>>> print(open('data_11.txt').read())   # compact mmCIF, C-alpha atoms and all ligand atoms
# COMPACT_ATOMS: atom_id res chain seq x y z
CA MET A 1 -7.28 3.93 -5.81
CA THR A 2 -4.95 6.63 -7.19
CA ALA A 3 -1.79 7.50 -5.35
CA THR A 4 -1.37 10.87 -3.63
CA LEU A 5 1.76 12.99 -3.64
CA TRP A 6 2.13 15.29 -0.63
CA THR A 7 4.35 18.13 -1.84
CA ASN A 8 5.86 21.32 -0.44
CA ALA A 9 6.15 20.07 3.14
CA ARG A 10 9.01 20.36 5.60
CA VAL A 11 9.13 16.75 6.71
CA VAL A 12 10.41 15.32 9.96
CA THR A 13 10.41 11.58 9.36
CA CYS A 14 11.35 10.44 12.91
CA ASP A 15 13.07 7.59 11.05
CA GLY A 16 16.60 6.91 12.24
CA ASP A 17 18.85 8.45 14.86
CA VAL A 18 16.84 10.42 17.44
CA GLU A 19 19.10 13.47 17.59
CA ARG A 20 19.40 13.92 13.82
CA ALA A 21 16.09 12.61 12.45
CA PRO A 22 13.97 15.59 13.57
CA LEU A 23 15.63 18.09 11.25
CA PRO A 24 12.90 19.12 8.81
CA ALA A 25 13.79 18.38 5.20
CA ALA A 26 12.14 19.36 1.93
CA LEU A 27 10.79 15.92 1.09
CA GLU A 28 7.78 14.62 -0.77
CA VAL A 29 5.66 11.76 0.50
CA GLU A 30 3.70 9.39 -1.72
CA THR A 31 0.78 7.43 -0.30
CA GLU A 32 -1.51 4.80 -1.77
CA ASP A 33 -4.26 2.67 -0.23
CA GLY A 34 -3.57 4.11 3.21
CA ARG A 35 0.15 3.38 3.23
CA ILE A 36 3.30 5.38 2.59
CA THR A 37 4.80 4.17 -0.70
CA ALA A 38 7.74 6.57 -1.15
CA VAL A 39 9.58 9.38 0.66
CA GLY A 40 12.17 11.54 -1.10
CA ALA A 41 13.06 14.74 -2.88
CA GLY A 42 11.62 15.14 -6.40
CA LEU A 43 9.70 11.84 -6.51
CA PRO A 44 8.76 10.63 -10.02
CA ARG A 45 5.40 11.89 -11.35
CA ARG A 46 3.15 9.05 -12.47
CA GLY A 47 -0.26 10.66 -12.47
CA GLN A 48 -0.67 10.90 -8.69
CA GLN A 49 -3.13 13.36 -7.20
CA GLU A 50 -1.06 16.20 -5.65
CA VAL A 51 -1.66 17.91 -2.31
CA ASP A 52 0.34 21.10 -1.70
CA CYS A 53 1.18 21.24 2.02
CA GLY A 54 1.93 24.98 1.86
CA GLY A 55 5.44 24.69 3.28
CA ARG A 56 4.09 23.38 6.61
CA LEU A 57 5.87 21.08 9.04
CA MET A 58 4.88 17.43 8.60
CA THR A 59 5.48 14.87 11.35
CA PRO A 60 4.22 11.34 11.86
CA ALA A 61 0.79 11.45 13.53
CA LEU A 62 1.30 11.55 17.29
CA ILE A 63 0.78 8.51 19.53
CA ASP A 64 -0.46 8.51 23.13
CA CYS A 65 0.87 5.16 24.34
CA HIS A 66 -0.43 5.17 27.95
CA THR A 67 -3.92 6.35 28.89
CA HIS A 68 -6.81 5.47 31.18
CA LEU A 69 -9.07 7.53 28.91
CA VAL A 70 -12.20 5.42 29.50
CA PHE A 71 -13.42 6.22 32.99
CA GLY A 72 -16.47 7.53 34.80
CA GLY A 73 -16.94 10.02 37.62
CA ASP A 74 -14.72 12.85 38.70
CA ARG A 75 -12.03 13.15 41.36
CA ALA A 76 -11.42 16.88 41.51
CA ASN A 77 -12.28 16.59 45.23
CA GLU A 78 -9.10 14.56 45.69
CA PHE A 79 -7.17 17.33 43.99
CA GLU A 80 -8.54 19.68 46.65
CA MET A 81 -7.62 17.20 49.40
CA ARG A 82 -4.05 17.09 48.09
CA LEU A 83 -3.96 20.90 48.02
CA ASP A 84 -4.90 20.69 51.70
CA GLY A 85 -1.93 18.41 52.35
CA ALA A 86 -3.24 14.83 51.94
CA THR A 87 -1.02 12.49 49.90
CA TYR A 88 -2.14 10.25 47.01
CA GLU A 89 -1.33 7.19 49.10
CA GLU A 90 -3.35 8.45 52.09
CA ILE A 91 -6.37 9.13 49.87
CA SER A 92 -6.00 5.70 48.29
CA ARG A 93 -5.74 3.88 51.62
CA ALA A 94 -8.88 5.71 52.79
CA GLY A 95 -10.86 4.21 49.88
CA GLY A 96 -10.42 7.05 47.39
CA GLY A 97 -8.19 7.05 44.34
CA ILE A 98 -8.64 4.15 41.94
CA ARG A 99 -11.44 2.71 44.08
CA ALA A 100 -13.43 5.96 43.86
CA SER A 101 -13.31 5.62 40.07
CA MET A 102 -14.26 1.95 40.44
CA ARG A 103 -17.51 2.89 42.17
CA ALA A 104 -18.41 5.23 39.31
CA VAL A 105 -17.46 2.79 36.54
CA ARG A 106 -19.41 -0.11 38.06
CA GLU A 107 -22.56 2.03 37.81
CA MET A 108 -22.11 2.63 34.08
CA GLY A 109 -22.85 0.66 30.94
CA VAL A 110 -20.75 0.61 27.78
CA GLU A 111 -22.66 3.38 26.01
CA GLU A 112 -22.41 5.70 29.00
CA LEU A 113 -18.67 5.05 29.29
CA VAL A 114 -18.32 5.84 25.59
CA LYS A 115 -20.29 9.06 25.94
CA VAL A 116 -18.20 10.49 28.80
CA SER A 117 -14.92 9.40 27.19
CA LEU A 118 -15.51 10.89 23.73
CA PRO A 119 -14.65 14.51 24.67
CA ARG A 120 -11.27 13.38 26.02
CA LEU A 121 -10.63 11.37 22.85
CA ASP A 122 -11.62 14.31 20.65
CA HIS A 123 -9.22 16.58 22.50
CA LEU A 124 -6.32 14.26 21.73
CA LEU A 125 -7.34 13.85 18.09
CA ALA A 126 -7.48 17.65 17.71
CA GLU A 127 -3.78 17.72 18.61
CA GLY A 128 -2.74 15.35 15.82
CA VAL A 129 -2.96 12.06 17.73
CA SER A 130 -3.96 9.04 15.62
CA THR A 131 -3.12 6.12 17.91
CA ILE A 132 -4.15 5.84 21.55
CA GLU A 133 -3.62 3.08 24.06
CA ILE A 134 -6.52 2.69 26.52
CA LYS A 135 -6.39 0.58 29.68
CA SER A 136 -9.09 -1.06 31.75
CA GLY A 137 -8.50 -0.93 35.50
CA TYR A 138 -11.38 1.01 37.05
CA GLY A 139 -13.93 -1.82 36.99
CA LEU A 140 -12.03 -4.31 39.16
CA SER A 141 -14.69 -6.98 38.51
CA VAL A 142 -14.87 -9.20 35.43
CA PRO A 143 -18.02 -7.58 33.94
CA ALA A 144 -16.94 -3.98 34.63
CA GLU A 145 -13.41 -4.54 33.27
CA LEU A 146 -14.87 -6.10 30.11
CA ASN A 147 -17.20 -3.13 29.70
CA MET A 148 -14.28 -0.70 29.85
CA LEU A 149 -12.51 -2.45 26.98
CA ARG A 150 -15.75 -2.81 25.01
CA ALA A 151 -16.11 0.97 25.34
CA ALA A 152 -12.51 1.44 24.17
CA ARG A 153 -13.15 -0.74 21.10
CA ARG A 154 -16.38 1.17 20.40
CA LEU A 155 -14.50 4.50 20.40
CA ALA A 156 -12.42 3.23 17.47
CA GLU A 157 -15.65 2.71 15.51
CA LEU A 158 -16.87 6.23 16.22
CA ARG A 159 -13.75 8.19 15.27
CA PRO A 160 -10.89 7.88 12.75
CA VAL A 161 -8.32 6.60 15.24
CA ARG A 162 -6.37 3.43 16.03
CA ILE A 163 -7.01 2.20 19.56
CA ARG A 164 -4.91 -0.38 21.37
CA THR A 165 -6.46 -1.91 24.47
CA THR A 166 -4.65 -3.03 27.60
CA TRP A 167 -6.01 -5.31 30.33
CA LEU A 168 -5.20 -3.61 33.67
CA ALA A 169 -7.46 -5.45 36.11
CA ALA A 170 -4.38 -5.65 38.39
CA HIS A 171 -4.66 -1.92 39.09
CA SER A 172 -6.01 -1.98 42.65
CA LEU A 173 -7.56 -4.47 45.04
CA PRO A 174 -11.35 -3.94 45.33
CA PRO A 175 -12.76 -3.97 48.89
CA GLU A 176 -14.49 -7.35 48.48
CA TYR A 177 -11.04 -8.94 48.05
CA ALA A 178 -9.33 -7.09 50.95
CA GLY A 179 -6.47 -9.25 52.25
CA ARG A 180 -6.96 -11.76 49.39
CA ALA A 181 -4.82 -10.40 46.56
CA PRO A 182 -3.92 -13.89 45.18
CA ASP A 183 -7.64 -14.74 44.92
CA TYR A 184 -8.32 -11.46 43.12
CA ILE A 185 -5.51 -12.16 40.65
CA SER A 186 -6.84 -15.62 39.83
CA GLU A 187 -10.61 -14.99 40.01
CA VAL A 188 -10.76 -11.55 38.39
CA ALA A 189 -7.48 -10.59 36.73
CA ILE A 190 -6.74 -13.97 35.12
CA ALA A 191 -10.31 -15.26 34.67
CA GLY A 192 -11.33 -11.91 33.20
CA LEU A 193 -8.29 -11.85 30.94
CA ASN A 194 -9.30 -15.22 29.53
CA ALA A 195 -12.82 -13.91 28.84
CA ALA A 196 -11.62 -10.61 27.40
CA HIS A 197 -9.10 -12.37 25.18
CA ALA A 198 -11.79 -14.75 23.91
CA GLU A 199 -13.88 -11.69 23.00
CA GLY A 200 -10.96 -10.08 21.13
CA LEU A 201 -10.77 -7.19 23.57
CA VAL A 202 -7.11 -7.31 24.61
CA ASP A 203 -3.91 -6.20 22.88
CA ALA A 204 -1.64 -6.19 25.96
CA VAL A 205 -1.61 -6.86 29.71
CA ASP A 206 -0.51 -4.39 32.42
CA GLY A 207 -0.26 -4.29 36.22
CA PHE A 208 0.36 -1.67 38.92
CA CYS A 209 3.36 -2.77 40.97
CA GLU A 210 3.42 -0.60 44.10
CA GLY A 211 2.97 -0.73 47.89
CA ILE A 212 -0.66 0.44 47.48
CA ALA A 213 -1.28 -2.04 44.64
CA PHE A 214 0.40 -5.39 43.85
CA SER A 215 3.78 -7.01 44.45
CA THR A 216 5.78 -8.79 41.76
CA ARG A 217 4.96 -12.10 43.48
CA GLU A 218 1.24 -11.35 43.22
CA LEU A 219 1.55 -10.27 39.58
CA GLU A 220 3.62 -13.27 38.46
CA PRO A 221 0.71 -15.69 37.66
CA LEU A 222 -1.03 -13.00 35.61
CA TYR A 223 2.10 -12.29 33.57
CA LEU A 224 2.67 -16.00 32.99
CA ARG A 225 -0.92 -16.33 31.73
CA ALA A 226 -0.45 -13.32 29.42
CA ARG A 227 2.56 -15.02 27.89
CA GLU A 228 0.63 -18.28 27.44
CA LEU A 229 -1.94 -16.26 25.49
CA ASP A 230 0.87 -14.67 23.47
CA LEU A 231 -0.06 -11.21 24.72
CA PRO A 232 2.69 -8.63 25.32
CA VAL A 233 3.02 -7.21 28.83
CA LYS A 234 3.63 -3.75 30.28
CA ILE A 235 3.91 -2.46 33.84
CA HIS A 236 3.31 0.59 36.06
CA SER A 237 6.48 0.49 38.12
CA GLU A 238 8.70 2.52 40.45
CA GLN A 239 6.21 5.42 40.51
CA LEU A 240 6.00 6.16 44.25
CA SER A 241 8.72 3.83 45.53
CA HIS A 242 11.12 1.17 44.25
CA SER A 243 9.15 -2.09 44.21
CA GLY A 244 11.14 -4.13 41.70
CA GLY A 245 8.43 -4.13 39.04
CA THR A 246 10.73 -2.94 36.28
CA ALA A 247 13.24 -5.78 36.55
CA PHE A 248 10.32 -8.21 36.90
CA ALA A 249 8.68 -6.86 33.73
CA ALA A 250 11.98 -6.95 31.85
CA ARG A 251 12.27 -10.65 32.78
CA HIS A 252 8.88 -11.08 31.09
CA GLY A 253 10.11 -9.26 27.98
CA ALA A 254 7.81 -6.28 28.59
CA LEU A 255 7.05 -3.85 25.77
CA SER A 256 7.32 -0.99 28.25
CA ALA A 257 7.75 -0.03 31.88
CA ASP A 258 5.90 3.15 32.76
CA HIS A 259 6.32 6.01 35.32
CA LEU A 260 9.81 4.98 36.58
CA GLU A 261 10.58 7.96 38.83
CA HIS A 262 12.31 5.62 41.32
CA ALA A 263 13.98 3.35 38.74
CA THR A 264 17.71 2.70 39.04
CA GLY A 265 20.65 2.33 36.65
CA ALA A 266 20.33 -1.45 37.05
CA ASP A 267 16.67 -1.21 36.02
CA ALA A 268 17.70 0.79 32.94
CA ARG A 269 20.24 -1.87 31.96
CA ALA A 270 17.68 -4.66 32.45
CA MET A 271 15.25 -2.74 30.24
CA ALA A 272 17.87 -2.24 27.54
CA ALA A 273 18.68 -5.96 27.53
CA ALA A 274 14.97 -6.85 27.24
CA GLY A 275 14.15 -4.18 24.63
CA THR A 276 11.71 -2.55 27.06
CA VAL A 277 10.71 1.08 26.36
CA ALA A 278 10.66 3.64 29.22
CA VAL A 279 7.28 5.42 29.14
CA LEU A 280 7.57 8.64 31.14
CA LEU A 281 4.40 10.27 32.46
CA PRO A 282 5.11 13.87 33.44
CA GLY A 283 1.42 14.67 34.00
CA ALA A 284 1.27 12.38 37.06
CA PHE A 285 4.65 13.67 38.29
CA TYR A 286 3.36 17.24 38.01
CA MET A 287 -0.07 16.67 39.57
CA LEU A 288 1.37 14.76 42.54
CA ARG A 289 4.12 17.38 42.90
CA GLU A 290 6.75 14.66 42.91
CA THR A 291 10.37 15.63 43.36
CA VAL A 292 12.21 12.45 42.31
CA ARG A 293 12.69 12.47 38.52
CA PRO A 294 13.00 9.39 36.31
CA PRO A 295 16.67 8.54 35.61
CA VAL A 296 16.79 9.99 32.11
CA ALA A 297 20.61 10.00 32.00
CA ALA A 298 20.66 6.29 32.86
CA PHE A 299 18.13 5.55 30.10
CA ARG A 300 20.27 7.46 27.61
CA ALA A 301 23.45 5.73 28.75
CA ALA A 302 21.85 2.28 28.51
CA GLY A 303 20.20 3.05 25.17
CA VAL A 304 16.62 2.65 26.45
CA PRO A 305 14.12 4.37 24.11
CA MET A 306 12.02 6.92 26.01
CA ALA A 307 8.36 7.58 25.22
CA LEU A 308 6.06 10.21 26.73
CA ALA A 309 2.31 9.80 27.30
CA THR A 310 -0.53 11.69 28.93
CA ASP A 311 -1.53 8.92 31.40
CA CYS A 312 -4.96 10.58 30.98
CA ASN A 313 -6.88 9.52 34.11
CA PRO A 314 -9.28 11.06 36.64
CA GLY A 315 -6.86 11.18 39.57
CA THR A 316 -3.15 11.56 39.08
CA SER A 317 -3.11 12.94 35.54
CA PRO A 318 -6.31 14.60 34.32
CA LEU A 319 -4.46 15.52 31.16
CA SER A 320 -5.66 15.14 27.59
CA SER A 321 -3.01 17.20 25.81
CA ILE A 322 -0.13 15.40 24.13
CA LEU A 323 1.46 18.75 23.22
CA LEU A 324 1.56 19.83 26.86
CA THR A 325 2.95 16.39 27.71
CA MET A 326 5.86 17.01 25.32
CA ASN A 327 6.50 20.38 26.91
CA MET A 328 6.45 18.79 30.39
CA GLY A 329 8.86 16.09 29.21
CA ALA A 330 11.31 18.81 28.28
CA VAL A 331 10.81 21.20 31.22
CA LEU A 332 10.27 18.69 34.05
CA PHE A 333 12.40 15.74 32.90
CA GLY A 334 15.05 17.46 30.77
CA LEU A 335 14.35 15.70 27.48
CA THR A 336 15.68 17.40 24.34
CA VAL A 337 13.30 18.52 21.58
CA PRO A 338 14.30 15.56 19.35
CA GLU A 339 13.75 13.21 22.30
CA CYS A 340 10.29 14.74 22.96
CA LEU A 341 9.25 14.24 19.35
CA ALA A 342 10.56 10.64 19.18
CA ALA A 343 8.78 10.07 22.51
CA VAL A 344 5.34 10.62 20.96
CA THR A 345 6.10 9.03 17.57
CA SER A 346 8.68 6.30 16.92
CA HIS A 347 9.37 5.40 20.56
CA ALA A 348 5.67 5.48 21.48
CA ALA A 349 5.02 3.10 18.57
CA HIS A 350 7.70 0.82 19.99
CA ALA A 351 6.01 0.89 23.43
CA LEU A 352 2.92 -0.55 21.74
CA GLY A 353 4.81 -3.09 19.61
CA LEU A 354 3.70 -1.16 16.50
CA GLN A 355 7.10 0.07 15.32
CA ASP A 356 6.64 -1.50 11.89
CA GLU A 357 3.21 0.10 11.41
CA ILE A 358 3.24 3.68 12.76
CA GLY A 359 5.43 6.39 14.30
CA ARG A 360 7.70 7.16 11.33
CA ILE A 361 7.30 8.56 7.84
CA ALA A 362 8.86 5.73 5.89
CA PRO A 363 7.77 3.49 3.02
CA GLY A 364 5.57 0.58 4.08
CA LEU A 365 4.12 2.25 7.17
CA SER A 366 0.54 3.44 7.63
CA ALA A 367 0.00 6.89 6.07
CA ASP A 368 -0.68 8.62 9.40
CA PHE A 369 0.78 12.09 9.69
CA ALA A 370 0.14 15.59 10.94
CA LEU A 371 0.61 18.97 9.28
CA TRP A 372 1.46 21.84 11.61
CA ASP A 373 1.42 25.62 11.25
CA VAL A 374 4.91 25.89 12.70
CA GLU A 375 8.38 25.73 11.18
CA THR A 376 10.34 23.61 13.63
CA PRO A 377 9.72 20.80 16.15
CA ALA A 378 11.03 23.14 18.87
CA GLN A 379 7.99 25.35 18.29
CA LEU A 380 5.71 22.36 18.89
CA VAL A 381 7.40 21.62 22.21
CA ALA A 382 7.97 25.15 23.49
CA ARG A 383 4.49 26.62 23.34
CA ILE A 384 1.95 26.01 26.09
CA GLY A 385 -1.80 26.01 25.57
CA PHE A 386 -1.54 26.55 21.83
CA ASN A 387 -2.51 24.02 19.19
CA PRO A 388 -1.00 24.65 15.73
CA LEU A 389 -2.46 21.55 14.05
CA HIS A 390 -3.44 22.28 10.45
CA ALA A 391 -4.52 18.79 9.38
CA ARG A 392 -4.41 15.19 10.53
CA ILE A 393 -4.02 12.47 7.93
CA PHE A 394 -5.12 8.96 8.94
CA HIS A 395 -4.65 6.01 6.58
CA GLY A 396 -3.89 8.53 3.82
CA GLU A 397 -7.12 10.53 4.28
CA THR A 398 -7.40 14.01 5.77
CA VAL A 399 -9.75 13.61 8.75
O1 LIG B 401 -0.98 5.65 35.85
N1 LIG B 401 -0.31 4.55 38.71
C1 LIG B 401 -1.40 4.02 38.68
N2 LIG B 401 -2.45 4.30 37.95
C2 LIG B 401 -2.76 5.51 37.30
C3 LIG B 401 -3.57 6.41 38.11
C4 LIG B 401 -4.60 5.79 38.85
C5 LIG B 401 -5.58 6.71 39.48
O2 LIG B 401 -5.27 7.35 40.49
O3 LIG B 401 -6.68 6.73 38.95
C6 LIG B 401 -1.51 6.18 36.80
O4 LIG B 401 -1.06 7.21 37.32
FE FE B 402 -1.26 4.85 34.22
>>> encode(input="data_11.txt", output="structure tokens")
Amino acid sequence: MTATLWTNARVVTCDGDVERAPLPAALEVETEDGRITAVGAGLPRRGQQEVDCGGRLMTPALIDCHTHLVFGGDRANEFEMRLDGATYEEISRAGGGIRASMRAVREMGVEELVKVSLPRLDHLLAEGVSTIEIKSGYGLSVPAELNMLRAARRLAELRPVRIRTTWLAAHSLPPEYAGRAPDYISEVAIAGLNAAHAEGLVDAVDGFCEGIAFSTRELEPLYLRARELDLPVKIHSEQLSHSGGTAFAARHGALSADHLEHATGADARAMAAAGTVAVLLPGAFYMLRETVRPPVAAFRAAGVPMALATDCNPGTSPLSSILLTMNMGAVLFGLTVPECLAAVTSHAAHALGLQDEIGRIAPGLSADFALWDVETPAQLVARIGFNPLHARIFHGETV
């Protein structure tokens, strides 16, 4: 296959120091066989096919590193209940929330799950996203959890996108296991993980550590099993209260800890020591009208990389816009423009353990990038409800 030279672009490589890397530079990018082979000014001509980028901004393709994009049913009624004053926890304890989605998902087969999830996937792709993490967690039985990840894998066959799957059976306790969390963890979360792993359905393991979900003690056997299987772990922690999930996950060498509104400076230091990325989810913060913000200053001080993700789900974050997520990261959490861009490229790659494959424009990485009809990264972050994507390039091909 002939090489391609992408010329006349203003390139933000996202490679290197977060605050300086996002300055657009007049660089050329050479790709061959789906990979980036050279980045520089005035690259040598050796018969490559040339693509003139028209002076547009080029960034790495965007990455949504935390979603629950495969789900069934609709929970707009819970949105109305919250507008009337009910809290997320009250709705959850009354059998709504995650368990309402569980009832819908258990009724659906793989093809139906795929069909209702495709529009959400397409919305993300239209905004320059090329890698998406998708979690199970609404089946809460072995067969239904497996079906969710089969649907996630199927989506990657239907669209030009890289999908990473995460086993999140430890998301909520289904009613048939009420009062028997340890049995659920062993009979569903761990037994199902073994089955899903054997079927090649799992890239990582996650759990929801919260008063309305699981404690660190309950999650421990699942995380030990993940490590035996050589699977990286992640966690939903310190979202509604401080439950100790972040320090627990850091002890297990977690790729990321996610949400983190109630995390502390000590949590940030534990994450830094373990190399754990902070995945911030402003969509859930916004929809639940939270007031406690994640400790961004502590993450900066400790040197914890921060990622941003949609958390696309039917309840707390019915959001399928990565561009709006960047804007929310800036407005709600106080991230700088360079931090917002790193949060959906290099740092998001890190949160998936894919830092040597995607998230930067650098030789050796997959040729995944986006061309935008804007001049600066600030214009990507500042505008709301406007999508300036000109083209998305996946494995070196315009898709
Ligand atoms: O990431 N925090 C837990 N889980 C999801 C939402 C679950 C739901 O309400 O469906 C989240 O926000
Ligand atoms: Fe989530």
>>> residues_near_ligand(input="data_11.txt", ligand="ligand LIG 401 (chain B)", cutoff="10 Å", atoms="only C-alpha atoms and all ligand atoms", output="PyMOL selection string")
chain A and resi 66-68+71+75+78+88-89+91-92+96-102+135+137-138+168+171-172+207-210+212-213+235-240+258-259+281-285+287-288+310-318
>>> atom_distance(input="data_11.txt", atom1="CA of Val11 (chain A)", atom2="CA of Thr131 (chain A)")
19.7 Å
>>> closest_residue(input="data_11.txt", among="A:Ala302, A:Leu319, A:Leu389, A:Ala151", to="ligand FE 402 (chain B)", atoms="all atoms listed in the file")
A:Leu319
>>> residues_around(input="data_11.txt", residues="region 291-301 of chain A", least_positions_apart="5", cutoff="7 Å", atoms="all atoms listed in the file", output="list in words")
Leu260, Glu261, His262, Ala263, Thr264, Gly265, Ala268 and Phe333 of chain A
>>> write_last_selection(input="data_11.txt", atoms="C-alpha atoms", output="CSV table (one decimal), in the frame of the given file")
chain,number,residue,atom,x,y,z
A,260,LEU,CA,9.8,5.0,36.6
A,261,GLU,CA,10.6,8.0,38.8
A,262,HIS,CA,12.3,5.6,41.3
A,263,ALA,CA,14.0,3.4,38.7
A,264,THR,CA,17.7,2.7,39.0
A,265,GLY,CA,20.6,2.3,36.6
A,268,ALA,CA,17.7,0.8,32.9
A,333,PHE,CA,12.4,15.7,32.9
>>> residues_around(input="data_11.txt", residues="Arg383 (chain A)", least_positions_apart="2", cutoff="12 Å", atoms="all atoms listed in the file", output="PDB file with C-alpha atoms, in the coordinates of the input")
ATOM      1  CA  LEU A 323       1.460  18.750  23.220  1.00  0.00           C
ATOM      2  CA  LEU A 324       1.560  19.830  26.860  1.00  0.00           C
ATOM      3  CA  THR A 325       2.950  16.390  27.710  1.00  0.00           C
ATOM      4  CA  MET A 326       5.860  17.010  25.320  1.00  0.00           C
ATOM      5  CA  ASN A 327       6.500  20.380  26.910  1.00  0.00           C
ATOM      6  CA  MET A 328       6.450  18.790  30.390  1.00  0.00           C
ATOM      7  CA  ALA A 330      11.310  18.810  28.280  1.00  0.00           C
ATOM      8  CA  VAL A 331      10.810  21.200  31.220  1.00  0.00           C
ATOM      9  CA  VAL A 374       4.910  25.890  12.700  1.00  0.00           C
ATOM     10  CA  THR A 376      10.340  23.610  13.630  1.00  0.00           C
ATOM     11  CA  PRO A 377       9.720  20.800  16.150  1.00  0.00           C
ATOM     12  CA  ALA A 378      11.030  23.140  18.870  1.00  0.00           C
ATOM     13  CA  GLN A 379       7.990  25.350  18.290  1.00  0.00           C
ATOM     14  CA  LEU A 380       5.710  22.360  18.890  1.00  0.00           C
ATOM     15  CA  VAL A 381       7.400  21.620  22.210  1.00  0.00           C
ATOM     16  CA  GLY A 385      -1.800  26.010  25.570  1.00  0.00           C
ATOM     17  CA  PHE A 386      -1.540  26.550  21.830  1.00  0.00           C
ATOM     18  CA  ASN A 387      -2.510  24.020  19.190  1.00  0.00           C
ATOM     19  CA  PRO A 388      -1.000  24.650  15.730  1.00  0.00           C
TER      20      PRO A 388
END
>>> residues_around(input="data_11.txt", residues="Ala343 (chain A)", least_positions_apart="6", cutoff="6 Å", atoms="only C-alpha atoms", output="list in words")
Met306, Ala307 and Leu308 of chain A
>>> write_last_selection(input="data_11.txt", atoms="C-alpha atoms", output="CSV table (one decimal), keeping the file's coordinate frame")
chain,number,residue,atom,x,y,z
A,306,MET,CA,12.0,6.9,26.0
A,307,ALA,CA,8.4,7.6,25.2
A,308,LEU,CA,6.1,10.2,26.7
>>> atom_distance(input="data_11.txt", atom1="CA of Leu27 (chain A)", atom2="CA of Ala351 (chain A)")
27.3 Å
